[in-house]
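What follows is input.txt (compact mmCIF, C-alpha atoms and all ligand atoms).
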```
# COMPACT_ATOMS: atom_id res chain seq x y z
CA SER H 13 119.57 16.97 84.16
CA ALA H 14 116.52 14.97 85.25
CA VAL H 15 118.03 11.74 83.92
CA ALA H 16 121.23 12.26 85.93
CA ALA H 17 119.20 13.01 89.08
CA ILE H 18 117.12 9.84 88.64
CA LYS H 19 120.25 7.74 88.15
CA ALA H 20 121.83 9.34 91.22
CA LYS H 21 118.86 8.53 93.46
CA GLY H 22 118.53 5.09 91.82
CA GLU H 23 114.78 5.40 91.48
CA LEU H 24 112.16 6.40 88.92
CA VAL H 25 109.00 7.66 90.61
CA MET H 26 105.79 7.00 88.68
CA LEU H 27 102.59 8.79 89.67
CA THR H 28 99.36 7.02 88.81
CA ASN H 29 95.78 6.34 89.86
CA ALA H 30 95.46 2.56 90.07
CA ALA H 31 91.73 2.29 89.36
CA PHE H 32 91.78 2.20 85.58
CA PRO H 33 92.13 -1.35 84.22
CA PRO H 34 93.90 -2.57 82.14
CA PHE H 35 96.27 0.43 82.35
CA GLU H 36 96.53 0.38 86.16
CA TYR H 37 94.68 -1.48 88.88
CA LEU H 38 95.44 -3.14 92.19
CA GLY H 39 96.44 -6.78 91.75
CA ASP H 40 95.51 -9.64 94.07
CA ASP H 41 98.43 -8.59 96.28
CA GLN H 42 96.97 -5.03 96.43
CA GLN H 43 100.02 -3.75 94.54
CA PRO H 44 99.55 -1.58 91.43
CA ALA H 45 99.74 -3.59 88.19
CA GLY H 46 98.89 -2.92 84.56
CA VAL H 47 100.12 -1.74 81.17
CA ASP H 48 101.46 1.57 82.49
CA ILE H 49 103.34 -0.12 85.33
CA ASP H 50 105.00 -2.53 82.88
CA VAL H 51 105.92 0.34 80.55
CA ALA H 52 107.35 2.37 83.45
CA GLN H 53 109.31 -0.70 84.55
CA ALA H 54 110.85 -0.91 81.06
CA ILE H 55 111.84 2.77 81.32
CA ALA H 56 113.35 2.20 84.78
CA ASP H 57 115.25 -0.83 83.42
CA GLU H 58 116.60 1.27 80.54
CA LEU H 59 117.82 3.86 83.07
CA GLY H 60 119.19 1.13 85.35
CA VAL H 61 117.10 2.21 88.37
CA GLU H 62 114.30 0.85 90.56
CA LEU H 63 110.67 1.73 89.83
CA LYS H 64 108.57 3.27 92.60
CA VAL H 65 104.81 3.52 91.93
CA VAL H 66 102.80 6.16 93.81
CA ASP H 67 99.02 5.64 93.76
CA MET H 68 97.14 8.93 94.10
CA GLU H 69 94.05 10.85 92.96
CA PHE H 70 94.06 11.26 89.18
CA ASP H 71 93.57 15.03 89.28
CA GLY H 72 96.59 15.39 91.57
CA ILE H 73 99.05 13.83 89.12
CA VAL H 74 99.85 16.88 86.93
CA PRO H 75 100.23 19.27 89.90
CA ALA H 76 102.44 16.73 91.70
CA LEU H 77 104.64 16.36 88.61
CA MET H 78 104.99 20.13 88.36
CA ALA H 79 105.94 20.24 92.04
CA GLY H 80 108.65 17.63 91.47
CA LYS H 81 106.92 14.97 93.58
CA GLY H 82 107.41 12.38 90.85
CA ASP H 83 109.28 11.83 87.60
CA ILE H 84 106.52 10.58 85.32
CA GLY H 85 102.73 10.57 85.25
CA ALA H 86 101.59 7.29 83.66
CA ALA H 87 97.85 6.89 84.08
CA GLY H 88 96.12 6.28 80.76
CA MET H 89 96.44 10.03 80.54
CA THR H 90 95.01 11.74 77.48
CA VAL H 91 97.08 14.40 75.79
CA THR H 92 95.07 17.63 75.99
CA GLU H 93 95.86 21.22 75.08
CA GLU H 94 95.19 22.28 78.65
CA ARG H 95 97.58 19.71 80.17
CA LEU H 96 100.22 20.66 77.59
CA GLU H 97 100.32 24.10 79.20
CA SER H 98 101.62 22.47 82.40
CA VAL H 99 103.58 19.37 81.34
CA ASP H 100 105.19 17.72 78.32
CA PHE H 101 103.98 14.43 76.92
CA SER H 102 105.88 11.46 75.52
CA THR H 103 105.08 9.70 72.28
CA LYS H 104 101.44 8.60 72.23
CA TYR H 105 101.11 4.88 72.95
CA ALA H 106 97.36 4.13 72.88
CA THR H 107 94.13 5.44 71.40
CA SER H 108 90.86 5.62 73.31
CA SER H 109 87.40 7.18 73.42
CA GLN H 110 84.90 8.16 76.06
CA TYR H 111 81.89 5.86 76.29
CA MET H 112 78.60 5.84 78.21
CA ILE H 113 77.76 3.10 80.71
CA VAL H 114 74.10 2.74 81.75
CA LYS H 115 71.89 0.21 83.48
CA LYS H 116 70.55 -2.39 81.06
CA ASP H 117 66.99 -1.01 81.40
CA SER H 118 68.06 2.62 80.84
CA ASP H 119 66.18 4.96 78.49
CA ILE H 120 69.51 6.47 77.41
CA ALA H 121 70.50 5.17 73.97
CA THR H 122 72.61 7.95 72.42
CA LYS H 123 74.44 11.05 73.53
CA ASP H 124 71.35 13.13 72.68
CA ASP H 125 69.66 11.45 75.66
CA LEU H 126 72.21 12.91 78.11
CA LYS H 127 70.16 16.11 78.29
CA GLY H 128 68.74 16.64 81.79
CA LYS H 129 70.51 13.57 83.18
CA LYS H 130 72.83 13.03 86.13
CA ILE H 131 76.22 12.05 84.79
CA GLY H 132 78.94 10.42 86.90
CA VAL H 133 82.62 10.82 85.99
CA GLN H 134 86.06 10.49 87.54
CA GLN H 135 87.09 13.93 88.76
CA GLY H 136 89.43 15.82 86.45
CA THR H 137 89.33 13.33 83.57
CA THR H 138 88.48 13.94 79.94
CA GLY H 139 85.14 12.26 80.73
CA ASP H 140 84.58 15.02 83.30
CA ILE H 141 85.52 17.67 80.74
CA TYR H 142 83.21 16.12 78.11
CA ALA H 143 80.22 15.92 80.50
CA THR H 144 80.80 19.36 82.03
CA ASP H 145 80.86 20.74 78.47
CA GLU H 146 81.86 24.22 79.56
CA ASP H 147 81.63 25.85 76.13
CA GLY H 148 78.50 23.86 75.21
CA GLU H 149 80.11 22.38 72.11
CA ASN H 150 79.19 18.77 73.01
CA GLY H 151 75.54 19.73 73.55
CA VAL H 152 75.35 17.66 76.74
CA GLU H 153 73.22 19.90 78.98
CA ALA H 154 73.30 17.52 81.94
CA GLU H 155 71.12 18.18 84.97
CA GLU H 156 74.21 17.60 87.09
CA VAL H 157 77.74 16.21 86.75
CA LEU H 158 78.77 14.21 89.81
CA ARG H 159 82.51 13.74 90.27
CA TYR H 160 83.91 10.61 91.90
CA SER H 161 87.40 9.68 92.97
CA ASN H 162 87.41 6.83 90.43
CA ALA H 163 85.19 5.28 87.74
CA MET H 164 84.30 2.30 89.94
CA GLY H 165 82.84 4.74 92.47
CA ALA H 166 80.76 6.28 89.71
CA ALA H 167 79.61 2.80 88.61
CA MET H 168 78.51 2.00 92.19
CA ALA H 169 76.45 5.21 92.21
CA LEU H 170 74.91 4.15 88.89
CA MET H 171 73.96 0.73 90.26
CA SER H 172 72.27 2.35 93.24
CA ASP H 173 70.38 4.80 90.97
CA LYS H 174 72.05 7.93 92.31
CA ILE H 175 73.03 8.82 88.75
CA ASP H 176 71.78 7.90 85.26
CA VAL H 177 74.99 7.32 83.33
CA VAL H 178 78.77 7.09 83.71
CA ILE H 179 81.17 8.51 81.12
CA VAL H 180 84.59 6.85 81.10
CA ASP H 181 87.36 5.63 78.77
CA GLU H 182 86.72 2.55 76.59
CA LEU H 183 88.77 -0.21 78.24
CA PRO H 184 87.94 0.68 81.86
CA ALA H 185 84.29 0.89 80.71
CA LYS H 186 84.54 -2.63 79.25
CA SER H 187 86.09 -3.90 82.46
CA ILE H 188 83.33 -2.37 84.62
CA VAL H 189 80.58 -3.79 82.41
CA ALA H 190 82.24 -7.22 82.33
CA GLU H 191 82.10 -7.33 86.12
CA ASN H 192 78.61 -5.93 86.65
CA ASP H 193 75.69 -7.79 85.07
CA SER H 194 73.19 -4.97 85.45
CA LEU H 195 75.27 -2.56 83.34
CA LYS H 196 75.91 -2.12 79.62
CA MET H 197 78.05 0.09 77.43
CA ILE H 198 76.46 2.21 74.72
CA ASP H 199 78.14 1.64 71.38
CA GLU H 200 78.87 5.28 70.55
CA LYS H 201 82.27 6.98 70.66
CA LEU H 202 81.96 10.36 72.35
CA THR H 203 85.57 11.44 71.77
CA THR H 204 88.85 10.34 70.21
CA GLU H 205 91.86 10.56 72.52
CA GLN H 206 95.44 9.44 72.79
CA TYR H 207 97.38 8.41 75.85
CA ALA H 208 100.93 9.47 76.63
CA ILE H 209 103.23 9.73 79.63
CA ALA H 210 103.41 13.15 81.29
CA VAL H 211 106.79 14.60 82.22
CA LYS H 212 107.89 17.88 83.75
CA LYS H 213 108.39 20.49 81.02
CA ASP H 214 111.70 20.64 79.14
CA SER H 215 113.14 17.49 80.70
CA ASP H 216 115.80 15.28 79.12
CA LEU H 217 113.78 12.36 80.52
CA THR H 218 111.20 12.69 77.73
CA ALA H 219 113.66 11.56 75.05
CA GLU H 220 114.65 8.52 77.17
CA ILE H 221 110.98 7.60 77.60
CA ASN H 222 110.33 7.98 73.86
CA LYS H 223 113.25 5.70 73.03
CA VAL H 224 111.67 2.93 75.14
CA LEU H 225 108.10 3.63 74.02
CA ASP H 226 108.96 3.68 70.31
CA LYS H 227 110.40 0.19 70.68
CA LEU H 228 107.47 -1.15 72.74
CA ILE H 229 105.01 0.23 70.20
CA ALA H 230 106.92 -1.01 67.13
CA ASP H 231 107.48 -4.56 68.37
CA GLY H 232 103.85 -5.01 69.48
CA THR H 233 104.60 -5.13 73.22
CA ILE H 234 102.02 -2.47 74.07
CA ASP H 235 99.25 -4.44 72.32
CA GLU H 236 100.39 -7.61 74.09
CA LEU H 237 100.37 -5.86 77.47
CA ILE H 238 96.83 -4.56 76.90
CA LEU H 239 95.69 -8.10 76.08
CA LYS H 240 97.57 -9.60 79.03
CA HIS H 241 96.13 -7.17 81.57
CA THR H 242 92.63 -7.47 80.10
CA THR H 243 92.41 -11.23 80.45
CA GLU H 244 94.19 -11.46 83.79
N1 LIG H 301 92.08 9.30 79.79
C1 LIG H 301 91.39 10.06 80.78
C2 LIG H 301 92.12 11.35 81.06
O1 LIG H 301 93.26 11.48 80.73
C3 LIG H 301 91.18 9.29 82.07
C4 LIG H 301 92.43 8.79 82.71
C5 LIG H 301 92.16 8.22 84.10
N2 LIG H 301 93.30 7.48 84.54
C6 LIG H 301 93.37 6.83 85.71
N3 LIG H 301 94.45 6.15 85.95
N4 LIG H 301 92.41 6.90 86.56
O2 LIG H 301 91.57 12.26 81.62
```
Kindly return the structure encoded in the file as structure tokens.
Amino acid sequence: SAVAAIKAKGELVMLTNAAFPPFEYLGDDQQPAGVDIDVAQAIADELGVELKVVDMEFDGIVPALMAGKGDIGAAGMTVTEERLESVDFSTKYATSSQYMIVKKDSDIATKDDLKGKKIGVQQGTTGDIYATDEDGENGVEAEEVLRYSNAMGAAMALMSDKIDVVIVDELPAKSIVAENDSLKMIDEKLTTEQYAIAVKKDSDLTAEINKVLDKLIADGTIDELILKHTTE
């Protein structure tokens, strides 16, 4: 059993990409902090083990989980049909949407204006999937989708006019805009998504995670953590 193995090694290994505030970011001490780290710590506490956080590329998290290089993937990760083919997900603990970030003087005002534009995204995210629009159902028709290792990298490219728009999840988008005067968010939800913790398929760990999550959701802790890591 996965739970027995974690207890035996005395450690829960969390895979994340710490460039996604308030869910995960590097604190002043350069250590990963955020909602997902606090939730994972609560899971580790419940199991009576230490928490180890591994910061990696977002698109490497699911493959690493499948390869047994970590116990949980906690990274503001959206539950998608495609990911469900490779991993299981816990109870959903947050709702989000993709949003557009542009320069304040941009001519982009709605998603219809994405046509022919250069869109920046974090590689392998649902923002990437939305912008790439493989089956054409979003009607994006971008000139090009440029993939960055994190959303901040995409925002830098936007500020230096290498791209026209960034597509990223709501709260990281708010954080980026709050820190960069020349940028604004467009008030239009492109998607509706839910975050959950990814676990290797058919693991007894999922039930343990859900036990902790159900409590943190019901008693308002998740909302408090989002607030705490947004104002910090
Ligand atoms: N919610 C989006 C997705 O699942 C983006 C998550 C990015 N997370 C991160 N820690 N960088 O694809």
Kindly provide, as a ChimeraX atom specification, the polymer residues lying within 12 Å of (103.4, 5.9, 94.0), counting only C-alpha atoms and using the coordinates exactly as they appear in the file. /H:23-30,36,43-45,49,52,63-70,72-73,76-77,81-87
Got a sec: who's within 12 Å of Ala31 in chain H, counting all atoms listed in the file, leaving out chain neighbours fewer than 4 positions off, as a PyMOL selection string? chain H and resi 35-39+42-46+48+67-70+87-88+134+160-166+180-181+183-185+187-188
Show me, as a list of chain:residue names, the residues that have an atom within 7 Å of range 191-208 of chain H when counting only C-alpha atoms, minus same-chain residues fewer than 6 positions from it. H:Gly88, H:Met89, H:Thr90, H:Val91, H:Phe101, H:Ser102, H:Thr103, H:Lys104, H:Tyr105, H:Ala106, H:Thr107, H:Ser108, H:Ser109, H:Gln110, H:Tyr111, H:Met112, H:Ile113, H:Val114, H:Lys115, H:Lys116, H:Ala121
Using only C-alpha atoms and all ligand atoms for the distances, tell me which of H:Gly80, H:Gly151, H:Gly136, H:Gly60 is nearest to ligand LIG 301 (chain H). H:Gly136
Would you please work out which residue, of H:Asn150, H:Gly139, H:Ile229, H:Lys19, is nearest to Glu182 in chain H when using all atoms listed in the file? H:Gly139
Nearest to Ala56 in chain H, chosen from H:Glu220, H:Asp173, H:Asp125, H:Glu93, with all atoms listed in the file counted in the distances: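 For Ala56 in chain H, the nearest of the candidates is H:Glu220.
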Which residue out of H:Ala20, H:Val47, H:Ala190, H:Val177 has the minimum interatomic distance to Ala154 in chain H when only C-alpha atoms are used?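 Using only C-alpha atoms, Ala154 in chain H sits closest to H:Val177.
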